[in-house]
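File shown here: my_file26.txt, holding compact mmCIF, C-alpha atoms.
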```txt
# COMPACT_ATOMS: atom_id res chain seq x y z
CA MET A 216 -147.83 92.32 158.38
CA ARG A 217 -146.80 93.95 155.14
CA ARG A 218 -144.28 91.95 153.11
CA ARG A 219 -140.81 93.44 152.72
CA PHE A 220 -138.31 92.88 149.91
CA ILE A 221 -134.95 94.38 150.85
CA LEU A 222 -132.96 96.18 148.18
CA GLY A 223 -130.42 93.61 146.97
CA ALA A 224 -127.17 93.72 145.04
CA ALA A 225 -128.68 92.18 141.91
CA LEU A 226 -131.32 94.89 141.72
CA VAL A 227 -128.80 97.64 142.41
CA SER A 228 -126.74 96.53 139.42
CA ALA A 229 -129.79 96.74 137.17
CA LEU A 230 -130.93 100.22 138.13
CA GLY A 231 -129.27 101.92 135.17
CA VAL A 232 -131.34 100.08 132.57
CA GLY A 233 -134.20 102.56 132.54
CA ILE A 234 -131.98 105.64 132.37
CA SER A 235 -131.24 105.48 128.66
CA ASN A 236 -134.70 104.28 127.62
CA ALA A 237 -137.11 107.21 127.54
CA ARG A 238 -140.10 104.93 127.09
CA ALA A 239 -139.25 102.28 129.66
CA ALA A 240 -142.38 101.21 131.47
CA MET A 241 -142.22 101.27 135.26
CA THR A 242 -143.99 98.31 136.85
CA LEU A 243 -144.70 97.23 140.39
CA THR A 244 -142.33 94.77 141.99
CA ALA A 245 -143.55 91.68 143.82
CA ALA A 246 -143.30 93.73 147.02
CA GLY A 247 -145.37 96.59 145.61
CA THR A 248 -148.05 94.21 144.34
CA ALA A 249 -148.17 92.25 147.60
CA ASP A 250 -148.56 95.46 149.59
CA GLY A 251 -151.58 96.49 147.52
CA PHE A 252 -150.23 99.39 145.45
CA ALA A 253 -151.60 100.17 141.97
CA LEU A 254 -149.69 101.93 139.19
CA SER A 255 -151.29 103.68 136.20
CA THR A 256 -150.41 106.28 133.57
CA PHE A 257 -151.74 109.78 134.19
CA VAL A 258 -150.22 111.51 131.12
CA ASP A 259 -147.80 110.23 128.49
CA SER A 260 -146.27 111.43 125.18
CA PHE A 261 -144.08 114.23 126.54
CA THR A 262 -141.26 115.04 124.10
CA ASN A 263 -138.10 114.39 126.05
CA GLY A 264 -134.74 115.95 125.32
CA GLY A 265 -131.46 115.00 126.91
CA ASN A 266 -133.39 112.39 128.93
CA ILE A 267 -135.44 115.09 130.70
CA GLY A 268 -139.14 115.72 130.26
CA PRO A 269 -141.75 116.73 132.85
CA ILE A 270 -140.35 117.67 136.26
CA GLY A 271 -142.63 120.04 138.16
CA ILE A 272 -146.27 119.26 139.00
CA ALA A 273 -148.76 121.20 141.09
CA PHE A 274 -152.53 121.38 141.41
CA ASN A 275 -154.38 124.65 140.96
CA SER A 276 -157.35 125.62 143.11
CA SER A 277 -159.76 124.04 140.62
CA GLY A 278 -158.15 120.64 141.15
CA GLN A 279 -156.39 120.59 137.77
CA ALA A 280 -152.81 119.36 137.41
CA ILE A 281 -150.27 121.88 136.08
CA ILE A 282 -147.23 120.14 134.60
CA GLY A 283 -144.07 121.85 133.41
CA ASP A 284 -142.14 120.18 130.57
CA TYR A 285 -138.53 121.00 131.38
CA ASN A 286 -137.33 120.08 127.90
CA THR A 287 -139.64 122.35 125.90
CA GLY A 288 -140.61 124.97 128.48
CA ASN A 289 -144.28 124.21 127.83
CA MET A 290 -146.81 124.32 130.66
CA TYR A 291 -149.77 121.93 130.45
CA VAL A 292 -153.12 121.81 132.24
CA PHE A 293 -154.82 118.45 132.75
CA ASN A 294 -158.05 117.46 134.42
CA ASP A 295 -157.65 114.74 137.00
CA PHE A 296 -158.13 111.43 135.19
CA ASP A 297 -155.75 108.84 133.78
CA GLY A 298 -154.86 107.97 130.19
CA GLN A 299 -154.20 111.48 128.83
CA HIS A 300 -151.57 112.60 126.33
CA ALA A 301 -149.27 115.60 126.30
CA THR A 302 -149.89 115.98 122.57
CA ILE A 303 -152.74 118.39 123.34
CA ALA A 304 -152.01 122.10 123.07
CA ALA A 305 -149.94 123.49 125.92
CA SER A 306 -151.31 126.43 127.92
CA GLY A 307 -148.18 128.45 127.28
CA ASN A 308 -144.40 128.50 127.20
CA ASP A 309 -142.50 130.04 130.09
CA GLY A 310 -139.48 130.78 127.89
CA THR A 311 -137.14 128.60 129.91
CA GLN A 312 -137.28 125.48 132.03
CA ILE A 313 -139.41 125.44 135.16
CA ALA A 314 -138.39 122.81 137.67
CA GLY A 315 -140.32 122.86 140.95
CA LEU A 316 -144.01 123.85 141.07
CA VAL A 317 -146.10 124.32 144.19
CA ASN A 318 -149.47 125.63 145.37
CA LEU A 319 -149.33 127.84 148.47
CA GLY A 320 -152.61 129.26 149.71
CA GLY A 321 -154.19 128.98 146.27
CA ILE A 322 -151.27 130.69 144.51
CA LEU A 323 -149.02 128.76 142.13
CA TYR A 324 -145.27 129.30 142.28
CA GLY A 325 -142.62 128.00 139.89
CA ALA A 326 -138.84 127.70 140.15
CA GLN A 327 -137.39 128.93 136.85
CA GLN A 328 -134.05 127.17 137.12
CA GLY A 329 -132.32 128.64 134.08
CA THR A 330 -132.87 132.27 135.10
CA GLY A 331 -132.75 131.79 138.88
CA GLN A 332 -136.22 133.27 139.34
CA LEU A 333 -139.16 132.44 141.56
CA LEU A 334 -142.33 133.05 139.57
CA ALA A 335 -145.97 133.58 140.50
CA LEU A 336 -148.10 131.74 137.96
CA ASN A 337 -151.65 132.01 136.73
CA ALA A 338 -154.07 129.11 137.18
CA ASN A 339 -153.13 127.75 133.74
CA GLY A 340 -149.38 127.80 134.49
CA THR A 341 -148.52 130.93 132.50
CA ILE A 342 -146.36 133.57 134.18
CA ASN A 343 -148.07 136.28 136.20
CA HIS A 344 -144.97 138.02 137.55
CA VAL A 345 -141.48 137.49 138.94
CA VAL A 346 -141.49 137.24 142.73
CA ARG A 347 -137.73 137.09 143.23
CA SER A 348 -134.60 137.03 141.05
CA GLY A 349 -131.00 136.09 141.77
CA LEU A 350 -131.78 132.61 143.11
CA THR A 351 -129.05 130.78 141.21
CA GLY A 352 -130.02 127.24 140.26
CA ILE A 353 -133.37 127.28 142.08
CA THR A 354 -134.85 123.83 141.54
CA GLY A 355 -137.12 122.22 144.14
CA LEU A 356 -140.02 123.91 145.94
CA VAL A 357 -142.15 122.89 148.90
CA ALA A 358 -144.82 124.96 150.66
CA ASP A 359 -145.54 125.36 154.36
CA PRO A 360 -149.19 126.43 154.60
CA LEU A 361 -148.83 126.96 158.36
CA THR A 362 -146.31 129.79 157.93
CA GLY A 363 -147.05 130.90 154.37
CA HIS A 364 -143.40 130.29 153.48
CA LEU A 365 -141.66 128.30 150.77
CA TYR A 366 -138.54 126.18 151.00
CA ALA A 367 -136.41 125.96 147.86
CA SER A 368 -133.33 124.00 146.85
CA MET A 369 -130.73 125.88 144.84
CA SER A 370 -127.02 125.85 144.12
CA GLY A 371 -125.24 125.01 147.37
CA GLN A 372 -128.07 125.74 149.80
CA ILE A 373 -131.66 125.32 150.90
CA ILE A 374 -133.45 128.62 151.39
CA GLU A 375 -136.65 129.75 153.09
CA ILE A 376 -138.72 132.32 151.21
CA ASP A 377 -141.50 134.56 152.47
CA PRO A 378 -143.22 135.37 149.14
CA VAL A 379 -145.38 138.10 150.67
CA ALA A 380 -142.60 140.04 152.41
CA ASN A 381 -140.24 138.95 149.60
CA THR A 382 -137.49 137.91 152.00
CA VAL A 383 -135.01 135.06 151.65
CA THR A 384 -132.98 133.40 154.39
CA THR A 385 -130.58 130.46 154.27
CA PHE A 386 -132.06 127.39 155.90
CA GLU A 387 -129.10 125.04 155.34
CA ALA A 388 -125.84 125.46 153.43
CA VAL A 389 -126.08 122.21 151.52
CA GLY A 390 -126.72 121.37 147.89
CA ALA A 391 -130.09 119.64 147.55
CA ASP A 392 -132.77 118.71 145.02
CA GLY A 393 -136.21 117.27 145.86
CA LEU A 394 -137.83 118.54 149.08
CA THR A 395 -140.65 117.29 151.30
CA LEU A 396 -142.17 118.89 154.39
CA SER A 397 -144.01 116.91 157.06
CA ALA A 398 -147.68 117.81 157.45
CA ASP A 399 -147.06 119.49 160.82
CA GLY A 400 -144.22 121.53 159.33
CA SER A 401 -141.68 120.23 161.84
CA LYS A 402 -139.36 118.31 159.50
CA LEU A 403 -137.94 119.12 156.09
CA TYR A 404 -136.60 116.19 154.06
CA ALA A 405 -134.12 116.93 151.26
CA GLU A 406 -132.25 114.87 148.69
CA VAL A 407 -128.59 115.64 149.36
CA GLY A 408 -125.51 114.70 147.36
CA GLY A 409 -127.37 112.53 144.87
CA THR A 410 -127.19 109.60 147.28
CA GLN A 411 -129.44 110.04 150.31
CA ILE A 412 -132.31 111.83 152.04
CA ILE A 413 -131.50 114.06 155.01
CA GLY A 414 -134.15 115.31 157.43
CA TYR A 415 -133.90 118.63 159.27
CA SER A 416 -135.85 120.15 162.13
CA THR A 417 -137.47 123.32 160.83
CA ALA A 418 -137.33 124.79 164.35
CA THR A 419 -133.62 124.25 165.04
CA LYS A 420 -132.29 123.41 161.54
CA ALA A 421 -130.48 120.47 163.12
CA GLN A 422 -130.19 117.20 161.20
CA VAL A 423 -132.66 114.69 162.60
CA TYR A 424 -132.63 111.96 159.96
CA ALA A 425 -130.31 110.31 157.42
CA SER A 426 -131.48 107.55 155.10
CA GLY A 427 -128.11 106.17 154.12
CA THR A 428 -127.31 105.44 150.49
CA ILE A 429 -130.24 105.00 148.10
CA ALA A 430 -129.30 103.41 144.78
CA GLY A 431 -130.33 105.04 141.52
CA THR A 432 -129.95 108.73 142.55
CA PRO A 433 -132.91 109.74 144.75
CA ASP A 434 -134.92 112.82 143.75
CA GLY A 435 -138.58 113.60 144.49
CA THR A 436 -140.04 112.35 147.78
CA ALA A 437 -143.36 112.04 149.62
CA LEU A 438 -144.47 110.86 153.05
CA GLY A 439 -147.06 108.15 153.60
CA THR A 440 -150.20 108.35 155.73
CA GLY A 441 -152.51 105.82 157.35
CA ALA A 442 -150.92 102.38 157.21
CA LEU A 443 -148.00 104.01 155.37
CA ALA A 444 -147.33 106.59 158.10
CA GLY A 445 -143.65 106.66 158.99
CA ASP A 446 -142.57 105.70 155.47
CA LEU A 447 -140.90 107.92 152.87
CA PHE A 448 -141.37 107.27 149.14
CA VAL A 449 -138.48 108.19 146.84
CA ASN A 450 -138.60 108.58 143.05
CA THR A 451 -135.15 107.95 141.58
CA ASN A 452 -133.35 108.97 138.40
CA GLY A 453 -132.63 105.25 137.95
CA GLY A 454 -136.26 104.37 137.26
CA THR A 455 -137.26 102.97 140.63
CA LEU A 456 -139.62 103.94 143.42
CA VAL A 457 -138.21 103.12 146.85
CA GLU A 458 -140.13 103.03 150.14
CA ILE A 459 -138.05 103.76 153.25
CA ASN A 460 -139.12 103.11 156.82
CA LEU A 461 -137.98 106.23 158.70
CA SER A 462 -137.49 104.33 161.94
CA THR A 463 -135.47 101.38 160.65
CA ASN A 464 -134.16 102.70 157.30
CA VAL A 465 -135.26 99.44 155.67
CA GLN A 466 -135.64 100.06 151.93
CA THR A 467 -138.31 98.36 149.83
CA VAL A 468 -138.39 98.72 146.06
CA VAL A 469 -142.06 99.27 145.20
CA ALA A 470 -141.64 99.75 141.45
CA THR A 471 -138.82 99.38 138.95
CA GLY A 472 -138.02 99.42 135.22
CA GLY A 473 -138.97 103.06 134.66
CA SER A 474 -137.10 105.92 133.02
CA ARG A 475 -135.64 108.95 134.78
CA GLY A 476 -137.73 109.87 137.82
CA ASP A 477 -137.72 113.45 139.10
CA PHE A 478 -140.26 115.28 141.28
CA VAL A 479 -143.51 113.93 142.69
CA VAL A 480 -146.72 115.53 143.96
CA VAL A 481 -149.61 114.30 146.07
CA ASP A 482 -152.94 114.53 144.26
CA PRO A 483 -155.23 116.48 146.65
CA ASN A 484 -158.31 115.02 144.98
CA ASN A 485 -157.61 111.43 146.05
CA ASP A 486 -154.27 111.28 147.96
CA SER A 487 -152.56 109.27 145.23
CA LEU A 488 -148.98 110.10 144.22
CA LEU A 489 -148.04 111.43 140.77
CA LEU A 490 -144.50 110.49 139.69
CA THR A 491 -142.61 112.16 136.85
CA GLN A 492 -140.73 110.04 134.33
CA THR A 493 -138.78 111.04 131.23
CA ASP A 494 -141.79 111.14 128.90
CA ARG A 495 -144.78 110.60 131.18
CA VAL A 496 -146.35 111.06 134.59
CA LEU A 497 -147.48 107.96 136.50
CA ARG A 498 -149.98 107.59 139.31
CA LEU A 499 -149.27 105.43 142.36
CA THR A 500 -152.42 104.57 144.30
CA ALA A 501 -151.88 103.42 147.88
CA PRO A 502 -153.58 100.39 149.39
CA ASN A 503 -156.86 100.86 151.26
CA GLY A 504 -156.47 102.81 154.47
CA SER A 505 -153.32 104.54 153.21
CA GLY A 506 -152.31 107.61 151.24
CA PHE A 507 -149.66 110.27 150.92
CA GLU A 508 -149.16 113.53 152.80
CA GLY A 509 -149.96 116.68 150.90
CA ALA A 510 -151.74 119.95 151.61
CA ALA A 511 -154.86 120.34 149.47
CA PRO A 512 -155.17 123.69 147.63
CA LEU A 513 -157.91 126.12 148.55
CA PRO A 514 -161.20 125.64 146.67
CA SER A 515 -161.43 127.87 143.61
CA THR A 516 -164.32 129.76 145.21
CA ALA A 517 -162.21 130.70 148.23
CA LEU A 518 -160.23 133.20 146.19
CA GLY A 519 -162.90 134.00 143.62
CA GLY A 520 -162.77 137.61 142.51
CA LEU A 521 -159.67 138.41 144.52
CA GLY A 522 -157.09 137.95 141.81
CA LEU A 523 -153.45 137.17 142.59
CA PHE A 524 -152.64 140.35 144.48
CA GLY A 525 -155.88 140.21 146.45
CA ALA A 526 -155.04 136.64 147.40
CA LEU A 527 -151.61 137.77 148.59
CA GLY A 528 -153.33 140.33 150.79
CA LEU A 529 -155.60 137.63 152.19
CA VAL A 530 -152.56 135.53 153.06
CA GLN A 531 -151.11 138.48 154.98
CA VAL A 532 -154.35 138.94 156.97
CA LEU A 533 -154.56 135.26 157.85
CA ARG A 534 -150.94 135.23 159.00
CA ARG A 535 -151.50 138.27 161.22
CA LYS A 536 -154.50 136.54 162.79
CA ARG A 537 -152.41 133.45 163.55
CA ALA A 538 -149.69 135.61 165.08
CA THR A 539 -152.13 137.31 167.45
CA ALA A 540 -154.24 134.26 168.30
```

Show me, as structure tokens, the structure contained in the file I just sent.
Amino acid sequence: MRRRFILGAALVSALGVGISNARAAMTLTAAGTADGFALSTFVDSFTNGGNIGPIGIAFNSSGQAIIGDYNTGNMYVFNDFDGQHATIAASGNDGTQIAGLVNLGGILYGAQQGTGQLLALNANGTINHVVRSGLTGITGLVADPLTGHLYASMSGQIIEIDPVANTVTTFEAVGADGLTLSADGSKLYAEVGGTQIIGYSTATKAQVYASGTIAGTPDGTALGTGALAGDLFVNTNGGTLVEINLSTNVQTVVATGGSRGDFVVVDPNNDSLLLTQTDRVLRLTAPNGSGFEGAAPLPSTALGGLGLFGALGLVQVLRRKRATA
């Protein structure tokens, strides 16, 4: 049986320590160590401003990590190994802050929060074109590869976007931030109100889960697999990583002492979890027999020679085939 350390009052009172320290080092708790997690640094040395640094992360179809530095607007490309530094030259500057990043069918999308635009990006994170404007405060993005749609959090609502037809519908009239979709596409989990995670049925839009209060301001989330199936992992602004059992709502603090945590992404190359901090991105490796849910991007050869618009056409064809199957 995996050991459990319940979130206690003493720890709750200490959660604010990492918020003002941009270079606070997150470390595993006794619970995280006992359960077999490992924590390492993927990239450090981001220049933070106003306590915000990297937020959005996605993997392109070549297996490289694209990271958006919210503070500077720079987009970085990193190969998938630990111990790198953000002092290398950025691939470009998007002109304003990109928050959420996601790979859908081999195409990268970015939420340009300041301008309220959904962007299609090139493989190196630079802007290809604007998909949709007028999305005030668009922040978090999550992809549903089964439908070819995106879910996005924005000011006062969660929306569903069809990037091919360029349509937008309201999924839920609630202010949210980080989003996670179950692998079967049936449940959408959203950080709501800065205090908890709410789960919704994507079929009925009804609420099907509520975590209760999570200390430290929850943000980015990911679902576990294998021995971790049924658990939700939450990166908090207060510098902690919290594991929540979705059946019992028992909370276990896996890591603490970090700086501001924002979005997370599952590494499709090895099923580890990349966690943003104020000036760095950390890697959480699950114990043997476990991992984190995340849809792997298409191999780079799958879309070779098509280009962005050709890839969009391929997505349309595949969706028509599913509809008639």

Asn337 (chain A) surroundings by all atoms listed in the file, 10 Å radius, close-in-sequence under 2 positions cut, as a PDB file with C-alpha atoms, keeping the file's coordinate frame:
```pdb
ATOM      1  CA  ASN A 275    -154.380 124.650 140.960  1.00  0.00           C
ATOM      2  CA  ILE A 322    -151.270 130.690 144.510  1.00  0.00           C
ATOM      3  CA  LEU A 323    -149.020 128.760 142.130  1.00  0.00           C
ATOM      4  CA  TYR A 324    -145.270 129.300 142.280  1.00  0.00           C
ATOM      5  CA  LEU A 334    -142.330 133.050 139.570  1.00  0.00           C
ATOM      6  CA  ALA A 335    -145.970 133.580 140.500  1.00  0.00           C
ATOM      7  CA  ASN A 339    -153.130 127.750 133.740  1.00  0.00           C
ATOM      8  CA  GLY A 340    -149.380 127.800 134.490  1.00  0.00           C
ATOM      9  CA  THR A 341    -148.520 130.930 132.500  1.00  0.00           C
ATOM     10  CA  ILE A 342    -146.360 133.570 134.180  1.00  0.00           C
ATOM     11  CA  ASN A 343    -148.070 136.280 136.200  1.00  0.00           C
ATOM     12  CA  HIS A 344    -144.970 138.020 137.550  1.00  0.00           C
ATOM     13  CA  GLY A 522    -157.090 137.950 141.810  1.00  0.00           C
ATOM     14  CA  LEU A 523    -153.450 137.170 142.590  1.00  0.00           C
TER      15      LEU A 523
END
```

Problem - Contact residues around Pro269 (chain A) with all atoms listed in the file at 6 Å, ignoring same-chain residues under 3 positions, as an MDAnalysis selection string - result: chainID A and resid 283:285

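Closest approach to Phe448 (chain A) among A:Asp494, A:Ala421, A:Glu508, A:Ala240: A:Glu508, based on all atoms listed in the file.
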
Practice task
Pick out the residues sitting within 6 Å of region 471-486 of chain A, and hand them over as a list in words; count all atoms listed in the file, and ignore anything fewer than 2 positions along from it in its own chain.
Solution key: Gly233, Ile234, Ala237, Ala239, Ala240, Met241, Thr242, Ile270, Asp434, Gly435, Asn450, Thr451, Asn452, Gly453, Gly454, Thr455, Leu488, Leu489, Leu490, Thr491, Gln492, Thr493, Gly506, Phe507, Gly509 and Ala511 of chain A

Would you list the residues near (-150.3, 122.7, 136.9), meaning any protein, DNA or RNA residue with an atom at most 6 Å from that point in file coordinates, counting all atoms listed in the file, as an mmCIF file with C-alpha atoms, in the coordinates of the input?
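selection.cif written:
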```
data_model
loop_
_atom_site.group_PDB
_atom_site.id
_atom_site.type_symbol
_atom_site.label_atom_id
_atom_site.label_comp_id
_atom_site.auth_asym_id
_atom_site.auth_seq_id
_atom_site.Cartn_x
_atom_site.Cartn_y
_atom_site.Cartn_z
ATOM 1 C CA ILE A 272 -146.270 119.260 139.000
ATOM 2 C CA ALA A 273 -148.760 121.200 141.090
ATOM 3 C CA PHE A 274 -152.530 121.380 141.410
ATOM 4 C CA ALA A 280 -152.810 119.360 137.410
ATOM 5 C CA ILE A 281 -150.270 121.880 136.080
ATOM 6 C CA ILE A 282 -147.230 120.140 134.600
ATOM 7 C CA VAL A 292 -153.120 121.810 132.240
ATOM 8 C CA GLY A 340 -149.380 127.800 134.490
#
```

Problem - 12 Å contact set for Val389 (chain A), all atoms listed in the file, chain neighbours under 3 positions out, as an NGL selection string - result: :A and (367-374 or 385-386 or 392 or 405-409 or 413 or 415 or 420 or 422)

Practice task
Work out how far apart CA of Asn294 (chain A) and CA of Val496 (chain A) are and give it in Å to one decimal.
Solution key: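 The value is 13.3 Å.
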
Exercise for the section: Give me, please, the distance in Å between CA of Thr351 (chain A) and CA of Gly431 (chain A), quoted to one decimal. Expected result: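 Interatomic distance here is 25.8 Å.
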
Practice task
Name the residues, using the chain letters and numbers of the file, that sit within 9 Å of (-143.5, 131.1, 150.5) when counting only C-alpha atoms, and give them as number ranges by chain.
Solution key: A: 319, 324, 357-360, 362-366, 375-379, 381

Those residues you just picked out, can you put them in a file as an mmCIF file, in the frame of the given file with C-alpha atoms?
```cif
data_model
loop_
_atom_site.group_PDB
_atom_site.id
_atom_site.type_symbol
_atom_site.label_atom_id
_atom_site.label_comp_id
_atom_site.auth_asym_id
_atom_site.auth_seq_id
_atom_site.Cartn_x
_atom_site.Cartn_y
_atom_site.Cartn_z
ATOM 1 C CA LEU A 319 -149.330 127.840 148.470
ATOM 2 C CA TYR A 324 -145.270 129.300 142.280
ATOM 3 C CA VAL A 357 -142.150 122.890 148.900
ATOM 4 C CA ALA A 358 -144.820 124.960 150.660
ATOM 5 C CA ASP A 359 -145.540 125.360 154.360
ATOM 6 C CA PRO A 360 -149.190 126.430 154.600
ATOM 7 C CA THR A 362 -146.310 129.790 157.930
ATOM 8 C CA GLY A 363 -147.050 130.900 154.370
ATOM 9 C CA HIS A 364 -143.400 130.290 153.480
ATOM 10 C CA LEU A 365 -141.660 128.300 150.770
ATOM 11 C CA TYR A 366 -138.540 126.180 151.000
ATOM 12 C CA GLU A 375 -136.650 129.750 153.090
ATOM 13 C CA ILE A 376 -138.720 132.320 151.210
ATOM 14 C CA ASP A 377 -141.500 134.560 152.470
ATOM 15 C CA PRO A 378 -143.220 135.370 149.140
ATOM 16 C CA VAL A 379 -145.380 138.100 150.670
ATOM 17 C CA ASN A 381 -140.240 138.950 149.600
#
```

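Of the listed residues A:Ala418, A:Leu403, A:Leu350, A:Val465, the one whose atoms come nearest to Ala437 (chain A) is A:Leu403, with distances taken using only C-alpha atoms.
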
Problem - Best match for closeness to Ala314 (chain A) among A:Thr354, A:Thr302, A:Gln332, A:Asn503, counting only C-alpha atoms - result: A:Thr354

Exercise for the section: Tell me which of A:Thr311, A:Thr244, A:Thr410, A:Ser255 sits closest to Leu499 (chain A), counting only C-alpha atoms. Expected result: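 When distances to Leu499 (chain A) are compared using only C-alpha atoms, the smallest one comes from A:Ser255.
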
Complete the atoms of region 308-328 of chain A to N, CA and C atoms and put them out as a PDB file, keeping the file's coordinate frame.
```pdb
ATOM      1  N   ASN A 308    -145.822 128.825 127.091  1.00  0.00           N
ATOM      2  CA  ASN A 308    -144.400 128.500 127.200  1.00  0.00           C
ATOM      3  C   ASN A 308    -143.752 129.547 128.085  1.00  0.00           C
ATOM      4  N   ASP A 309    -143.063 129.093 129.126  1.00  0.00           N
ATOM      5  CA  ASP A 309    -142.500 130.040 130.090  1.00  0.00           C
ATOM      6  C   ASP A 309    -141.183 130.639 129.611  1.00  0.00           C
ATOM      7  N   GLY A 310    -140.694 130.202 128.449  1.00  0.00           N
ATOM      8  CA  GLY A 310    -139.480 130.780 127.890  1.00  0.00           C
ATOM      9  C   GLY A 310    -138.211 130.095 128.354  1.00  0.00           C
ATOM     10  N   THR A 311    -138.267 129.394 129.432  1.00  0.00           N
ATOM     11  CA  THR A 311    -137.140 128.600 129.910  1.00  0.00           C
ATOM     12  C   THR A 311    -137.681 127.526 130.836  1.00  0.00           C
ATOM     13  N   GLN A 312    -136.807 126.653 131.302  1.00  0.00           N
ATOM     14  CA  GLN A 312    -137.280 125.480 132.030  1.00  0.00           C
ATOM     15  C   GLN A 312    -137.721 125.805 133.458  1.00  0.00           C
ATOM     16  N   ILE A 313    -138.942 125.390 133.776  1.00  0.00           N
ATOM     17  CA  ILE A 313    -139.410 125.440 135.160  1.00  0.00           C
ATOM     18  C   ILE A 313    -139.194 124.063 135.775  1.00  0.00           C
ATOM     19  N   ALA A 314    -138.613 124.062 136.955  1.00  0.00           N
ATOM     20  CA  ALA A 314    -138.390 122.810 137.670  1.00  0.00           C
ATOM     21  C   ALA A 314    -139.513 122.601 138.680  1.00  0.00           C
ATOM     22  N   GLY A 315    -139.319 123.065 139.927  1.00  0.00           N
ATOM     23  CA  GLY A 315    -140.320 122.860 140.950  1.00  0.00           C
ATOM     24  C   GLY A 315    -141.562 123.719 140.754  1.00  0.00           C
ATOM     25  N   LEU A 316    -142.725 123.145 141.066  1.00  0.00           N
ATOM     26  CA  LEU A 316    -144.010 123.850 141.070  1.00  0.00           C
ATOM     27  C   LEU A 316    -144.704 123.551 142.386  1.00  0.00           C
ATOM     28  N   VAL A 317    -145.432 124.535 142.913  1.00  0.00           N
ATOM     29  CA  VAL A 317    -146.100 124.320 144.190  1.00  0.00           C
ATOM     30  C   VAL A 317    -147.299 125.259 144.311  1.00  0.00           C
ATOM     31  N   ASN A 318    -148.301 124.815 145.060  1.00  0.00           N
ATOM     32  CA  ASN A 318    -149.470 125.630 145.370  1.00  0.00           C
ATOM     33  C   ASN A 318    -149.378 126.035 146.831  1.00  0.00           C
ATOM     34  N   LEU A 319    -149.347 127.323 147.104  1.00  0.00           N
ATOM     35  CA  LEU A 319    -149.330 127.840 148.470  1.00  0.00           C
ATOM     36  C   LEU A 319    -150.490 128.799 148.656  1.00  0.00           C
ATOM     37  N   GLY A 320    -151.466 128.394 149.445  1.00  0.00           N
ATOM     38  CA  GLY A 320    -152.610 129.260 149.710  1.00  0.00           C
ATOM     39  C   GLY A 320    -153.403 129.623 148.478  1.00  0.00           C
ATOM     40  N   GLY A 321    -153.448 128.716 147.491  1.00  0.00           N
ATOM     41  CA  GLY A 321    -154.190 128.980 146.270  1.00  0.00           C
ATOM     42  C   GLY A 321    -153.392 129.711 145.212  1.00  0.00           C
ATOM     43  N   ILE A 322    -152.128 130.009 145.482  1.00  0.00           N
ATOM     44  CA  ILE A 322    -151.270 130.690 144.510  1.00  0.00           C
ATOM     45  C   ILE A 322    -150.210 129.712 144.026  1.00  0.00           C
ATOM     46  N   LEU A 323    -150.029 129.633 142.722  1.00  0.00           N
ATOM     47  CA  LEU A 323    -149.020 128.760 142.130  1.00  0.00           C
ATOM     48  C   LEU A 323    -147.685 129.480 142.031  1.00  0.00           C
ATOM     49  N   TYR A 324    -146.623 128.772 142.415  1.00  0.00           N
ATOM     50  CA  TYR A 324    -145.270 129.300 142.280  1.00  0.00           C
ATOM     51  C   TYR A 324    -144.434 128.308 141.477  1.00  0.00           C
ATOM     52  N   GLY A 325    -143.498 128.827 140.682  1.00  0.00           N
ATOM     53  CA  GLY A 325    -142.620 128.000 139.890  1.00  0.00           C
ATOM     54  C   GLY A 325    -141.178 128.421 140.048  1.00  0.00           C
ATOM     55  N   ALA A 326    -140.274 127.440 140.082  1.00  0.00           N
ATOM     56  CA  ALA A 326    -138.840 127.700 140.150  1.00  0.00           C
ATOM     57  C   ALA A 326    -138.277 127.666 138.738  1.00  0.00           C
ATOM     58  N   GLN A 327    -137.928 128.824 138.207  1.00  0.00           N
ATOM     59  CA  GLN A 327    -137.390 128.930 136.850  1.00  0.00           C
ATOM     60  C   GLN A 327    -135.866 128.768 136.952  1.00  0.00           C
ATOM     61  N   GLN A 328    -135.438 127.521 136.821  1.00  0.00           N
ATOM     62  CA  GLN A 328    -134.050 127.170 137.120  1.00  0.00           C
ATOM     63  C   GLN A 328    -133.036 127.931 136.282  1.00  0.00           C
TER      64      GLN A 328
END
```
